[in-house]
Each structure stands twice: as C-alpha cells, then as structure tokens.
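Printed here is coords.txt (compact mmCIF, N, CA and C atoms):
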# COMPACT_ATOMS: atom_id res chain seq x y z
N MET A 130 173.02 42.06 125.12
CA MET A 130 172.10 42.02 126.25
C MET A 130 170.98 43.03 126.08
N ILE A 131 171.30 44.27 125.70
CA ILE A 131 170.29 45.31 125.52
C ILE A 131 170.28 45.72 124.06
N GLU A 132 169.11 45.74 123.47
CA GLU A 132 168.96 46.12 122.07
C GLU A 132 168.55 47.58 121.96
N LYS A 133 169.25 48.36 121.21
CA LYS A 133 168.95 49.75 120.88
C LYS A 133 168.39 50.53 122.06
N LYS A 134 167.15 50.99 121.96
CA LYS A 134 166.56 51.83 123.02
C LYS A 134 165.72 51.03 124.00
N ASP A 135 165.91 49.72 124.02
CA ASP A 135 165.14 48.86 124.91
C ASP A 135 165.66 48.99 126.35
N THR A 136 164.81 48.66 127.29
CA THR A 136 165.18 48.60 128.70
C THR A 136 164.91 47.19 129.18
N LEU A 137 165.85 46.63 129.94
CA LEU A 137 165.68 45.30 130.49
C LEU A 137 165.36 45.45 131.98
N TYR A 138 164.31 44.78 132.41
CA TYR A 138 163.94 44.77 133.82
C TYR A 138 164.20 43.36 134.34
N LEU A 139 165.08 43.24 135.30
CA LEU A 139 165.31 41.98 135.99
C LEU A 139 164.72 42.16 137.38
N ASN A 140 163.59 41.52 137.61
CA ASN A 140 162.84 41.72 138.87
C ASN A 140 162.85 40.46 139.69
N TYR A 141 162.76 40.63 141.01
CA TYR A 141 162.69 39.48 141.89
C TYR A 141 161.86 39.82 143.11
N TYR A 142 161.16 38.80 143.60
CA TYR A 142 160.35 38.92 144.81
C TYR A 142 161.07 38.17 145.91
N ILE A 143 161.34 38.85 147.00
CA ILE A 143 162.06 38.29 148.12
C ILE A 143 161.07 38.03 149.24
N ALA A 144 160.81 36.77 149.55
CA ALA A 144 159.91 36.45 150.66
C ALA A 144 160.59 36.84 151.97
N THR A 145 159.85 37.53 152.83
CA THR A 145 160.44 37.97 154.10
C THR A 145 159.77 37.32 155.29
N GLY A 146 158.95 36.36 155.06
CA GLY A 146 158.27 35.68 156.14
C GLY A 146 156.94 35.17 155.67
N GLU A 147 156.15 34.68 156.59
CA GLU A 147 154.88 34.05 156.25
C GLU A 147 153.88 35.01 155.62
N PHE A 148 153.97 36.29 155.93
CA PHE A 148 152.93 37.22 155.48
C PHE A 148 153.44 38.34 154.58
N GLY A 149 154.43 38.09 153.79
CA GLY A 149 154.83 39.16 152.90
C GLY A 149 156.19 39.00 152.28
N GLY A 150 156.59 40.07 151.60
CA GLY A 150 157.87 40.08 150.92
C GLY A 150 158.11 41.43 150.29
N ILE A 151 159.17 41.49 149.50
CA ILE A 151 159.59 42.74 148.87
C ILE A 151 159.84 42.47 147.39
N ASN A 152 159.33 43.34 146.55
CA ASN A 152 159.61 43.27 145.12
C ASN A 152 160.71 44.26 144.80
N GLU A 153 161.82 43.76 144.27
CA GLU A 153 162.95 44.59 143.89
C GLU A 153 163.36 44.24 142.47
N GLY A 154 164.31 45.00 141.94
CA GLY A 154 164.79 44.67 140.62
C GLY A 154 165.88 45.58 140.14
N LEU A 155 166.31 45.29 138.93
CA LEU A 155 167.31 46.09 138.24
C LEU A 155 166.69 46.64 136.97
N VAL A 156 166.95 47.88 136.69
CA VAL A 156 166.55 48.50 135.44
C VAL A 156 167.86 48.71 134.67
N ILE A 157 168.00 48.03 133.53
CA ILE A 157 169.25 48.04 132.78
C ILE A 157 168.97 48.59 131.38
N TYR A 158 169.81 49.51 130.95
CA TYR A 158 169.59 50.17 129.66
C TYR A 158 170.92 50.69 129.12
N LYS A 159 170.90 51.04 127.84
CA LYS A 159 172.10 51.54 127.18
C LYS A 159 171.98 53.05 127.04
N SER A 160 173.05 53.76 127.39
CA SER A 160 173.10 55.21 127.26
C SER A 160 174.53 55.60 126.91
N ASN A 161 174.69 56.37 125.84
CA ASN A 161 176.02 56.79 125.38
C ASN A 161 176.96 55.60 125.20
N ASP A 162 176.46 54.54 124.60
CA ASP A 162 177.22 53.32 124.33
C ASP A 162 177.74 52.63 125.60
N GLU A 163 177.11 52.90 126.72
CA GLU A 163 177.46 52.24 127.98
C GLU A 163 176.22 51.53 128.51
N ILE A 164 176.42 50.39 129.14
CA ILE A 164 175.33 49.67 129.78
C ILE A 164 175.23 50.20 131.21
N ARG A 165 174.08 50.74 131.54
CA ARG A 165 173.85 51.34 132.85
C ARG A 165 172.76 50.59 133.58
N ALA A 166 172.75 50.73 134.89
CA ALA A 166 171.73 50.06 135.71
C ALA A 166 171.39 50.92 136.90
N LYS A 167 170.23 50.65 137.46
CA LYS A 167 169.87 51.18 138.77
C LYS A 167 169.10 50.08 139.48
N SER A 168 169.25 50.04 140.78
CA SER A 168 168.59 49.05 141.61
C SER A 168 167.36 49.71 142.23
N VAL A 169 166.21 49.01 142.18
CA VAL A 169 164.96 49.61 142.63
C VAL A 169 164.19 48.68 143.57
N ARG A 170 163.34 49.28 144.38
CA ARG A 170 162.36 48.56 145.21
C ARG A 170 160.99 49.11 144.83
N TYR A 171 160.12 48.22 144.40
CA TYR A 171 158.79 48.64 143.97
C TYR A 171 157.93 49.06 145.16
N ASN A 172 157.10 50.06 144.96
CA ASN A 172 156.23 50.58 146.02
C ASN A 172 155.09 49.62 146.34
N ASN A 173 154.70 48.80 145.39
CA ASN A 173 153.66 47.79 145.61
C ASN A 173 154.32 46.43 145.71
N ASP A 174 153.64 45.49 146.37
CA ASP A 174 154.22 44.15 146.40
C ASP A 174 153.22 43.15 145.84
N SER A 175 153.76 42.02 145.42
CA SER A 175 152.96 41.01 144.75
C SER A 175 152.52 39.89 145.69
N TYR A 176 152.66 40.10 146.98
CA TYR A 176 152.28 39.06 147.93
C TYR A 176 150.80 38.73 147.79
N GLY A 177 150.49 37.45 147.77
CA GLY A 177 149.11 37.00 147.75
C GLY A 177 148.52 36.79 146.37
N MET A 178 149.21 37.22 145.33
CA MET A 178 148.65 37.00 144.00
C MET A 178 148.92 35.56 143.55
N VAL A 179 148.09 35.09 142.63
CA VAL A 179 148.30 33.76 142.06
C VAL A 179 149.62 33.77 141.31
N LEU A 180 150.45 32.79 141.59
CA LEU A 180 151.77 32.77 140.94
C LEU A 180 151.70 32.02 139.62
N ASN A 181 151.55 32.79 138.56
CA ASN A 181 151.69 32.23 137.22
C ASN A 181 152.31 33.31 136.34
N ILE A 182 152.73 32.92 135.17
CA ILE A 182 153.48 33.83 134.29
C ILE A 182 152.71 35.12 134.04
N ASP A 183 151.44 35.00 133.68
CA ASP A 183 150.66 36.19 133.31
C ASP A 183 150.51 37.18 134.46
N THR A 184 150.21 36.70 135.66
CA THR A 184 150.00 37.64 136.77
C THR A 184 151.31 38.29 137.20
N ILE A 185 152.40 37.56 137.15
CA ILE A 185 153.70 38.12 137.52
C ILE A 185 154.12 39.18 136.50
N ILE A 186 154.02 38.85 135.22
CA ILE A 186 154.38 39.82 134.19
C ILE A 186 153.48 41.05 134.28
N ASP A 187 152.19 40.84 134.47
CA ASP A 187 151.25 41.97 134.59
C ASP A 187 151.62 42.86 135.78
N PHE A 188 151.99 42.26 136.91
CA PHE A 188 152.38 43.06 138.09
C PHE A 188 153.53 43.99 137.75
N TYR A 189 154.59 43.46 137.14
CA TYR A 189 155.76 44.28 136.85
C TYR A 189 155.48 45.29 135.72
N GLU A 190 154.65 44.93 134.77
CA GLU A 190 154.29 45.89 133.71
C GLU A 190 153.54 47.08 134.32
N ARG A 191 152.61 46.80 135.22
CA ARG A 191 151.82 47.88 135.85
C ARG A 191 152.67 48.74 136.78
N ASN A 192 153.73 48.18 137.34
CA ASN A 192 154.51 48.89 138.35
C ASN A 192 155.90 49.30 137.89
N LYS A 193 156.22 49.16 136.62
CA LYS A 193 157.59 49.38 136.17
C LYS A 193 158.10 50.81 136.39
N ASN A 194 157.22 51.76 136.63
CA ASN A 194 157.65 53.13 136.92
C ASN A 194 157.28 53.57 138.33
N ASN A 195 156.91 52.63 139.17
CA ASN A 195 156.46 52.94 140.53
C ASN A 195 157.41 52.29 141.54
N TYR A 196 158.54 52.95 141.76
CA TYR A 196 159.56 52.36 142.62
C TYR A 196 160.38 53.44 143.34
N LEU A 197 161.13 52.99 144.34
CA LEU A 197 162.15 53.80 145.02
C LEU A 197 163.50 53.29 144.55
N ILE A 198 164.45 54.19 144.44
CA ILE A 198 165.78 53.79 144.00
C ILE A 198 166.61 53.35 145.21
N ILE A 199 167.16 52.15 145.12
CA ILE A 199 168.04 51.62 146.17
C ILE A 199 169.48 52.04 145.89
N LYS A 200 169.90 51.88 144.63
CA LYS A 200 171.24 52.29 144.22
C LYS A 200 171.10 53.11 142.95
N GLU A 201 171.60 54.32 143.00
CA GLU A 201 171.52 55.24 141.86
C GLU A 201 172.20 54.64 140.64
N GLU A 202 171.90 55.18 139.48
CA GLU A 202 172.44 54.72 138.21
C GLU A 202 173.96 54.60 138.26
N TRP A 203 174.47 53.50 137.70
CA TRP A 203 175.91 53.31 137.56
C TRP A 203 176.18 52.58 136.25
N ILE A 204 177.41 52.64 135.80
CA ILE A 204 177.82 51.94 134.58
C ILE A 204 178.25 50.53 134.97
N LEU A 205 177.66 49.53 134.33
CA LEU A 205 178.03 48.15 134.62
C LEU A 205 179.41 47.84 134.05
N SER A 206 180.26 47.28 134.88
CA SER A 206 181.58 46.85 134.41
C SER A 206 181.41 45.64 133.50
N LYS A 207 182.44 45.29 132.78
CA LYS A 207 182.42 44.11 131.91
C LYS A 207 182.09 42.86 132.73
N GLU A 208 182.67 42.75 133.92
CA GLU A 208 182.42 41.60 134.79
C GLU A 208 180.96 41.57 135.22
N GLN A 209 180.40 42.74 135.56
CA GLN A 209 179.00 42.79 135.96
C GLN A 209 178.08 42.46 134.79
N GLN A 210 178.41 42.92 133.59
CA GLN A 210 177.62 42.59 132.40
C GLN A 210 177.64 41.08 132.16
N ASP A 211 178.82 40.49 132.27
CA ASP A 211 178.94 39.04 132.09
C ASP A 211 178.13 38.29 133.14
N TYR A 212 178.18 38.78 134.37
CA TYR A 212 177.43 38.14 135.45
C TYR A 212 175.93 38.22 135.17
N ILE A 213 175.43 39.39 134.80
CA ILE A 213 174.00 39.56 134.50
C ILE A 213 173.59 38.65 133.35
N THR A 214 174.42 38.55 132.32
CA THR A 214 174.14 37.67 131.19
C THR A 214 173.98 36.23 131.68
N LYS A 215 174.85 35.82 132.59
CA LYS A 215 174.79 34.46 133.16
C LYS A 215 173.48 34.27 133.94
N VAL A 216 173.11 35.24 134.75
CA VAL A 216 171.88 35.14 135.54
C VAL A 216 170.65 35.08 134.62
N LEU A 217 170.63 35.93 133.60
CA LEU A 217 169.51 35.91 132.65
C LEU A 217 169.37 34.54 132.01
N TYR A 218 170.50 33.95 131.61
CA TYR A 218 170.48 32.62 131.01
C TYR A 218 169.93 31.59 132.01
N GLU A 219 170.38 31.66 133.25
CA GLU A 219 169.90 30.72 134.27
C GLU A 219 168.40 30.83 134.46
N ILE A 220 167.88 32.04 134.52
CA ILE A 220 166.44 32.22 134.70
C ILE A 220 165.68 31.71 133.48
N LYS A 221 166.17 32.02 132.30
CA LYS A 221 165.49 31.62 131.07
C LYS A 221 165.46 30.10 130.89
N THR A 222 166.44 29.40 131.43
CA THR A 222 166.52 27.95 131.22
C THR A 222 165.92 27.14 132.36
N ARG A 223 165.47 27.78 133.40
CA ARG A 223 164.82 27.05 134.50
C ARG A 223 163.36 26.81 134.13
N SER A 224 162.81 25.70 134.60
CA SER A 224 161.40 25.44 134.30
C SER A 224 160.52 26.30 135.21
N VAL A 225 159.42 26.77 134.64
CA VAL A 225 158.48 27.62 135.38
C VAL A 225 157.60 26.71 136.24
N GLU A 226 157.32 27.13 137.45
CA GLU A 226 156.40 26.39 138.31
C GLU A 226 155.18 27.28 138.52
N GLU A 227 154.11 27.03 137.80
CA GLU A 227 152.93 27.90 137.87
C GLU A 227 151.93 27.44 138.91
N ASN A 228 151.02 28.37 139.24
CA ASN A 228 149.92 28.13 140.17
C ASN A 228 150.40 27.51 141.48
N VAL A 229 151.48 28.05 141.98
CA VAL A 229 152.07 27.59 143.22
C VAL A 229 151.47 28.39 144.37
N PHE A 230 151.10 27.72 145.42
CA PHE A 230 150.60 28.40 146.60
C PHE A 230 151.52 28.04 147.76
N SER A 231 152.34 28.96 148.16
CA SER A 231 153.29 28.73 149.24
C SER A 231 153.65 30.06 149.86
N ASN A 232 153.79 30.09 151.16
CA ASN A 232 154.18 31.32 151.84
C ASN A 232 155.64 31.65 151.60
N ALA A 233 156.42 30.68 151.14
CA ALA A 233 157.86 30.90 150.97
C ALA A 233 158.27 31.12 149.52
N SER A 234 157.34 31.09 148.58
CA SER A 234 157.69 31.21 147.17
C SER A 234 158.33 32.55 146.85
N GLU A 235 159.32 32.52 146.00
CA GLU A 235 159.95 33.72 145.48
C GLU A 235 159.90 33.60 143.97
N HIS A 236 159.99 34.72 143.26
CA HIS A 236 159.98 34.63 141.81
C HIS A 236 160.91 35.64 141.18
N TYR A 237 161.25 35.37 139.93
CA TYR A 237 162.16 36.20 139.14
C TYR A 237 161.48 36.44 137.80
N ALA A 238 161.55 37.66 137.31
CA ALA A 238 160.93 38.00 136.03
C ALA A 238 161.88 38.87 135.21
N ILE A 239 162.01 38.53 133.94
CA ILE A 239 162.81 39.30 132.99
C ILE A 239 161.83 39.91 132.00
N LEU A 240 161.89 41.21 131.82
CA LEU A 240 161.01 41.88 130.86
C LEU A 240 161.81 42.80 129.96
N THR A 241 161.53 42.75 128.67
CA THR A 241 162.04 43.72 127.70
C THR A 241 160.86 44.04 126.79
N ASN A 242 161.09 44.87 125.79
CA ASN A 242 160.01 45.16 124.84
C ASN A 242 159.61 43.92 124.04
N ASN A 243 160.55 42.99 123.86
CA ASN A 243 160.31 41.85 122.97
C ASN A 243 160.14 40.50 123.65
N GLU A 244 160.46 40.40 124.92
CA GLU A 244 160.38 39.09 125.56
C GLU A 244 160.13 39.21 127.05
N SER A 245 159.66 38.09 127.61
CA SER A 245 159.48 38.00 129.05
C SER A 245 159.71 36.56 129.48
N HIS A 246 160.31 36.41 130.64
CA HIS A 246 160.57 35.08 131.21
C HIS A 246 160.31 35.16 132.70
N VAL A 247 159.77 34.08 133.24
CA VAL A 247 159.47 34.02 134.67
C VAL A 247 159.96 32.69 135.21
N PHE A 248 160.54 32.74 136.39
CA PHE A 248 160.87 31.53 137.14
C PHE A 248 160.30 31.70 138.54
N ILE A 249 159.53 30.72 138.99
CA ILE A 249 158.96 30.73 140.33
C ILE A 249 159.73 29.73 141.18
N ASP A 250 160.37 30.23 142.22
CA ASP A 250 161.15 29.40 143.13
C ASP A 250 160.24 29.00 144.29
N ARG A 251 159.57 27.88 144.13
CA ARG A 251 158.57 27.44 145.10
C ARG A 251 159.15 27.25 146.50
N THR A 252 160.38 26.79 146.59
CA THR A 252 160.97 26.52 147.90
C THR A 252 161.59 27.76 148.54
N GLY A 253 161.87 28.79 147.72
CA GLY A 253 162.51 29.99 148.26
C GLY A 253 163.98 29.76 148.59
N LYS A 254 164.57 28.70 148.03
CA LYS A 254 165.95 28.36 148.37
C LYS A 254 166.97 28.73 147.31
N TRP A 255 166.52 29.17 146.13
CA TRP A 255 167.48 29.51 145.08
C TRP A 255 168.26 30.75 145.49
N ASN A 256 167.61 31.73 146.08
CA ASN A 256 168.25 32.94 146.64
C ASN A 256 169.20 33.65 145.69
N LYS A 257 168.90 33.66 144.43
CA LYS A 257 169.77 34.31 143.46
C LYS A 257 169.84 35.81 143.70
N PHE A 258 168.78 36.40 144.26
CA PHE A 258 168.78 37.85 144.49
C PHE A 258 169.90 38.26 145.44
N LEU A 259 170.25 37.41 146.40
CA LEU A 259 171.36 37.73 147.31
C LEU A 259 172.67 37.78 146.55
N GLU A 260 172.85 36.83 145.65
CA GLU A 260 174.07 36.78 144.84
C GLU A 260 174.12 37.98 143.89
N ILE A 261 172.98 38.32 143.29
CA ILE A 261 172.91 39.46 142.37
C ILE A 261 173.33 40.73 143.10
N LYS A 262 172.75 40.94 144.27
CA LYS A 262 173.04 42.17 145.02
C LYS A 262 174.52 42.23 145.42
N LYS A 263 175.08 41.09 145.80
CA LYS A 263 176.49 41.06 146.18
C LYS A 263 177.39 41.36 144.97
N ALA A 264 177.10 40.73 143.83
CA ALA A 264 177.92 40.90 142.64
C ALA A 264 177.87 42.33 142.10
N LEU A 265 176.76 43.03 142.35
CA LEU A 265 176.59 44.38 141.83
C LEU A 265 176.79 45.45 142.90
N TYR A 266 177.26 45.05 144.06
CA TYR A 266 177.54 45.97 145.17
C TYR A 266 176.31 46.78 145.57
N ILE A 267 175.19 46.07 145.70
CA ILE A 267 173.94 46.69 146.14
C ILE A 267 173.74 46.31 147.60
N GLU A 268 173.49 47.31 148.42
CA GLU A 268 173.31 47.05 149.85
C GLU A 268 172.16 46.10 150.08
N GLN A 269 172.39 45.09 150.89
CA GLN A 269 171.36 44.10 151.22
C GLN A 269 170.69 44.47 152.53
N THR A 270 169.38 44.63 152.47
CA THR A 270 168.60 44.86 153.68
C THR A 270 168.30 43.52 154.30
N PRO A 271 168.52 43.33 155.60
CA PRO A 271 168.24 42.04 156.22
C PRO A 271 166.77 41.67 156.08
N ARG A 272 166.50 40.39 155.93
CA ARG A 272 165.13 39.90 155.88
C ARG A 272 164.46 40.13 157.23
N LYS A 273 163.21 40.55 157.19
CA LYS A 273 162.44 40.72 158.42
C LYS A 273 161.57 39.50 158.60
N LEU A 274 161.70 38.85 159.72
CA LEU A 274 160.88 37.65 159.98
C LEU A 274 159.81 37.95 160.98
Show how you would write the structure in this file as structure tokens.
Amino acid sequence: MIEKKDTLYLNYYIATGEFGGINEGLVIYKSNDEIRAKSVRYNNDSYGMVLNIDTIIDFYERNKNNYLIIKEEWILSKEQQDYITKVLYEIKTRSVEENVFSNASEHYAILTNNESHVFIDRTGKWNKFLEIKKALYIEQTPRKL
C-alpha cells in the first residue's frame, strides 16, 4: 500500500447542504515498519470549484499541509490496512464523472508521489466516507443542513 518514504493521501469531500461541505482525509505513511495514519480536516474547502480530475488534484496538492487533526496518529491494524486497500481499489475502479455541476456532489481523491485517482460521486449517495470513519474509529461530526 505504501512505498518506502511515500505518503498516501485519501481525501474526500462531504457535502453538507446546498451551499457547502467539508474536505477531510487520511494521511497514511510508513514509520518504523508500521503503517500509521492520521485523520484530518482541511482548513480550505473545495466547494464551488469545477469538478474535474485536475482541479480536485490541484486543490489537495495545494492544501496537503493545511489541515486540523481530527484523530491523532495511530498504527493501522491489519484489518484496517485491508479495509483501506479495499477502499482504494473501489475508488480506482470507479469511473470518473468530470465537469459535474451539482450541489450534492461529493468526491474522493487518492494521491501519492507516483499516482493520483479521483472519483466524483455526482449523486452524493455513495457515502463511503461514513464507512471509512466507522471502520477506522474516527468520530463522525453530524452533517449540518
């Protein structure tokens, strides 16, 4: 999952209503032969930008060090590593929906030094971020409508 000194960013945009949302994600890296993670909320949000691969990747590249920590660093268990691997595969194999204009759209982005993948959930119904947070024991903040 993680190569040498690379860091994997699994990011997601959670629509919270007609006029906004929250950009959150996981920062996953290897340290002392252990896979570690921290859960983050970005200080900027991507609401209102054109939804295509380039703009989404650019947003997370520009903001990858501009976040608040939701859950401090922890060591991922084998089960959590397997779960993340499954989620990464699901995102990578979903078709991208570009240039989508919808108040309910959510998106997922995977970034490493060598690759990037984006999935835009036009309907906002995939809700994988809820499952991710539950599987990794990350506190879920209720959506504000």
Open item on the list: Env of A:Ala166: 9 Å cut, atoms = only C-alpha atoms, seq-sep filter 2 positions within chain, self excluded. Answer as a ChimeraX atom specification.
Closed with: /A:155-159,164,168,200-205
Using only N, CA and C atoms, please write the residues we just selected to a file, as a short mmCIF file (atom, residue, chain, number, x, y, z; two decimals), in the coordinates of the input.
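Contents of part30.cif, freshly written:
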data_model
loop_
_atom_site.label_atom_id
_atom_site.label_comp_id
_atom_site.auth_asym_id
_atom_site.auth_seq_id
_atom_site.Cartn_x
_atom_site.Cartn_y
_atom_site.Cartn_z
N LEU A 155 166.31 45.29 138.93
CA LEU A 155 167.31 46.09 138.24
C LEU A 155 166.69 46.64 136.97
N VAL A 156 166.95 47.88 136.69
CA VAL A 156 166.55 48.50 135.44
C VAL A 156 167.86 48.71 134.67
N ILE A 157 168.00 48.03 133.53
CA ILE A 157 169.25 48.04 132.78
C ILE A 157 168.97 48.59 131.38
N TYR A 158 169.81 49.51 130.95
CA TYR A 158 169.59 50.17 129.66
C TYR A 158 170.92 50.69 129.12
N LYS A 159 170.90 51.04 127.84
CA LYS A 159 172.10 51.54 127.18
C LYS A 159 171.98 53.05 127.04
N ILE A 164 176.42 50.39 129.14
CA ILE A 164 175.33 49.67 129.78
C ILE A 164 175.23 50.20 131.21
N SER A 168 169.25 50.04 140.78
CA SER A 168 168.59 49.05 141.61
C SER A 168 167.36 49.71 142.23
N LYS A 200 169.90 51.88 144.63
CA LYS A 200 171.24 52.29 144.22
C LYS A 200 171.10 53.11 142.95
N GLU A 201 171.60 54.32 143.00
CA GLU A 201 171.52 55.24 141.86
C GLU A 201 172.20 54.64 140.64
N GLU A 202 171.90 55.18 139.48
CA GLU A 202 172.44 54.72 138.21
C GLU A 202 173.96 54.60 138.26
N TRP A 203 174.47 53.50 137.70
CA TRP A 203 175.91 53.31 137.56
C TRP A 203 176.18 52.58 136.25
N ILE A 204 177.41 52.64 135.80
CA ILE A 204 177.82 51.94 134.58
C ILE A 204 178.25 50.53 134.97
N LEU A 205 177.66 49.53 134.33
CA LEU A 205 178.03 48.15 134.62
C LEU A 205 179.41 47.84 134.05
#
As lines of an AutoDock Vina configuration file, please: the centre and edge lengths in Å, to one decimal, of an axis-aligned box enclosing every listed atom of stretch 236-251 of chain A with 8 Å added on each side.
center_x = 160.7
center_y = 36.2
center_z = 134.7
size_x = 20.2
size_y = 33.9
size_z = 39.5
Task: Shell around stretch 148-154 of chain A at 6 Å using only N, CA and C atoms, local window under 5 positions removed, as a ChimeraX atom specification - done: /A:139-143,167-171,173-176
Could you dump the residues just selected with N, CA and C atoms as a tab-separated table (two decimals), in the frame of the given file?
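And here is the file that came out, again_27.tsv:
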chain	number	residue	atom	x	y	z
A	139	LEU	N	165.08	43.24	135.30
A	139	LEU	CA	165.31	41.98	135.99
A	139	LEU	C	164.72	42.16	137.38
A	140	ASN	N	163.59	41.52	137.61
A	140	ASN	CA	162.84	41.72	138.87
A	140	ASN	C	162.85	40.46	139.69
A	141	TYR	N	162.76	40.63	141.01
A	141	TYR	CA	162.69	39.48	141.89
A	141	TYR	C	161.86	39.82	143.11
A	142	TYR	N	161.16	38.80	143.60
A	142	TYR	CA	160.35	38.92	144.81
A	142	TYR	C	161.07	38.17	145.91
A	143	ILE	N	161.34	38.85	147.00
A	143	ILE	CA	162.06	38.29	148.12
A	143	ILE	C	161.07	38.03	149.24
A	167	LYS	N	170.23	50.65	137.46
A	167	LYS	CA	169.87	51.18	138.77
A	167	LYS	C	169.10	50.08	139.48
A	168	SER	N	169.25	50.04	140.78
A	168	SER	CA	168.59	49.05	141.61
A	168	SER	C	167.36	49.71	142.23
A	169	VAL	N	166.21	49.01	142.18
A	169	VAL	CA	164.96	49.61	142.63
A	169	VAL	C	164.19	48.68	143.57
A	170	ARG	N	163.34	49.28	144.38
A	170	ARG	CA	162.36	48.56	145.21
A	170	ARG	C	160.99	49.11	144.83
A	171	TYR	N	160.12	48.22	144.40
A	171	TYR	CA	158.79	48.64	143.97
A	171	TYR	C	157.93	49.06	145.16
A	173	ASN	N	154.70	48.80	145.39
A	173	ASN	CA	153.66	47.79	145.61
A	173	ASN	C	154.32	46.43	145.71
A	174	ASP	N	153.64	45.49	146.37
A	174	ASP	CA	154.22	44.15	146.40
A	174	ASP	C	153.22	43.15	145.84
A	175	SER	N	153.76	42.02	145.42
A	175	SER	CA	152.96	41.01	144.75
A	175	SER	C	152.52	39.89	145.69
A	176	TYR	N	152.66	40.10	146.98
A	176	TYR	CA	152.28	39.06	147.93
A	176	TYR	C	150.80	38.73	147.79
Task: Best match for closeness to A:Ser206 among A:Glu268, A:Glu260, A:Ile249, A:Arg165, counting all atoms listed in the file - done: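 Under the stated criterion, the closest residue is A:Arg165.
Minimum atom-to-atom distances from A:Ile186, A:Val247, A:Ile213, A:Ala238 to A:Val225 were compared using all atoms listed in the file, and the lowest value belongs to A:Val247.
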- [ ] Calculate how many Å separate atom N of A:Asn243 from atom N of A:Thr136, rounding to one decimal.
- [x]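 According to the coordinates, atom N of A:Asn243 and atom N of A:Thr136 are separated by 7.9 Å.
Taking atom CA of A:Glu163 and atom CA of A:Tyr196 as the two end points, the separation is 23.1 Å.
Of the listed residues (A:Asp211, A:Asp250, A:Glu219, A:Glu244), A:Glu244 comes nearest to A:Asp135; the distances count only C-alpha atoms.
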- [ ] Would you work out the distance separating atom C of A:Lys263 from atom N of A:Asn192, expressed in Å to one decimal?
- [x] 25.8 Å
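Distances here use all atoms listed in the file; by that measure, the residue among A:Asn242, A:Arg191, A:Glu226, A:Lys215 closest to A:Leu137 is A:Asn242.
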TODO: Go through A:Tyr189, A:Ser234, A:Ile239, A:Gln210 and flag the residue nearest A:Thr252, using all atoms listed in the file for the distances.
DONE: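 Looking at the shortest contact to A:Thr252, the residue is A:Ser234.
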TODO: Based on DSSP run over this structure's backbone, return all residues of stretch 170-207 of chain A in alpha helix (DSSP H), as a ChimeraX atom specification.
DONE: /A:182-192,207
TODO: Run DSSP on the backbone and give me the residues of chain A it puts in strand (DSSP E or B), as an NGL selection string.
DONE: :A and (136-146 or 149-160 or 163-171 or 180 or 196-204 or 229 or 235-240 or 245-250)
Starting from the incomplete input, reconstruct N, CA, C and O atoms of stretch 212-223 of chain A and write that as a JSON list (two decimals), in the coordinates of the input.
[["chain", "number", "residue", "atom", "x", "y", "z"],
["A", 212, "TYR", "N", 178.18, 38.78, 134.37],
["A", 212, "TYR", "CA", 177.43, 38.14, 135.45],
["A", 212, "TYR", "C", 175.93, 38.22, 135.17],
["A", 212, "TYR", "O", 175.21, 37.21, 135.30],
["A", 213, "ILE", "N", 175.43, 39.39, 134.80],
["A", 213, "ILE", "CA", 174.00, 39.56, 134.50],
["A", 213, "ILE", "C", 173.59, 38.65, 133.35],
["A", 213, "ILE", "O", 172.53, 38.03, 133.38],
["A", 214, "THR", "N", 174.42, 38.55, 132.32],
["A", 214, "THR", "CA", 174.14, 37.67, 131.19],
["A", 214, "THR", "C", 173.98, 36.23, 131.68],
["A", 214, "THR", "O", 173.06, 35.51, 131.26],
["A", 215, "LYS", "N", 174.85, 35.82, 132.59],
["A", 215, "LYS", "CA", 174.79, 34.46, 133.16],
["A", 215, "LYS", "C", 173.48, 34.27, 133.94],
["A", 215, "LYS", "O", 172.81, 33.25, 133.80],
["A", 216, "VAL", "N", 173.11, 35.24, 134.75],
["A", 216, "VAL", "CA", 171.88, 35.14, 135.54],
["A", 216, "VAL", "C", 170.65, 35.08, 134.62],
["A", 216, "VAL", "O", 169.73, 34.29, 134.84],
["A", 217, "LEU", "N", 170.63, 35.93, 133.60],
["A", 217, "LEU", "CA", 169.51, 35.91, 132.65],
["A", 217, "LEU", "C", 169.37, 34.54, 132.01],
["A", 217, "LEU", "O", 168.27, 34.00, 131.89],
["A", 218, "TYR", "N", 170.50, 33.95, 131.61],
["A", 218, "TYR", "CA", 170.48, 32.62, 131.01],
["A", 218, "TYR", "C", 169.93, 31.59, 132.01],
["A", 218, "TYR", "O", 169.11, 30.74, 131.65],
["A", 219, "GLU", "N", 170.38, 31.66, 133.25],
["A", 219, "GLU", "CA", 169.90, 30.72, 134.27],
["A", 219, "GLU", "C", 168.40, 30.83, 134.46],
["A", 219, "GLU", "O", 167.71, 29.81, 134.56],
["A", 220, "ILE", "N", 167.88, 32.04, 134.52],
["A", 220, "ILE", "CA", 166.44, 32.22, 134.70],
["A", 220, "ILE", "C", 165.68, 31.71, 133.48],
["A", 220, "ILE", "O", 164.67, 31.01, 133.61],
["A", 221, "LYS", "N", 166.17, 32.02, 132.30],
["A", 221, "LYS", "CA", 165.49, 31.62, 131.07],
["A", 221, "LYS", "C", 165.46, 30.10, 130.89],
["A", 221, "LYS", "O", 164.55, 29.57, 130.26],
["A", 222, "THR", "N", 166.44, 29.40, 131.43],
["A", 222, "THR", "CA", 166.52, 27.95, 131.22],
["A", 222, "THR", "C", 165.92, 27.14, 132.36],
["A", 222, "THR", "O", 165.86, 25.91, 132.26],
["A", 223, "ARG", "N", 165.47, 27.78, 133.40],
["A", 223, "ARG", "CA", 164.82, 27.05, 134.50],
["A", 223, "ARG", "C", 163.36, 26.81, 134.13],
["A", 223, "ARG", "O", 162.74, 27.62, 133.47]]
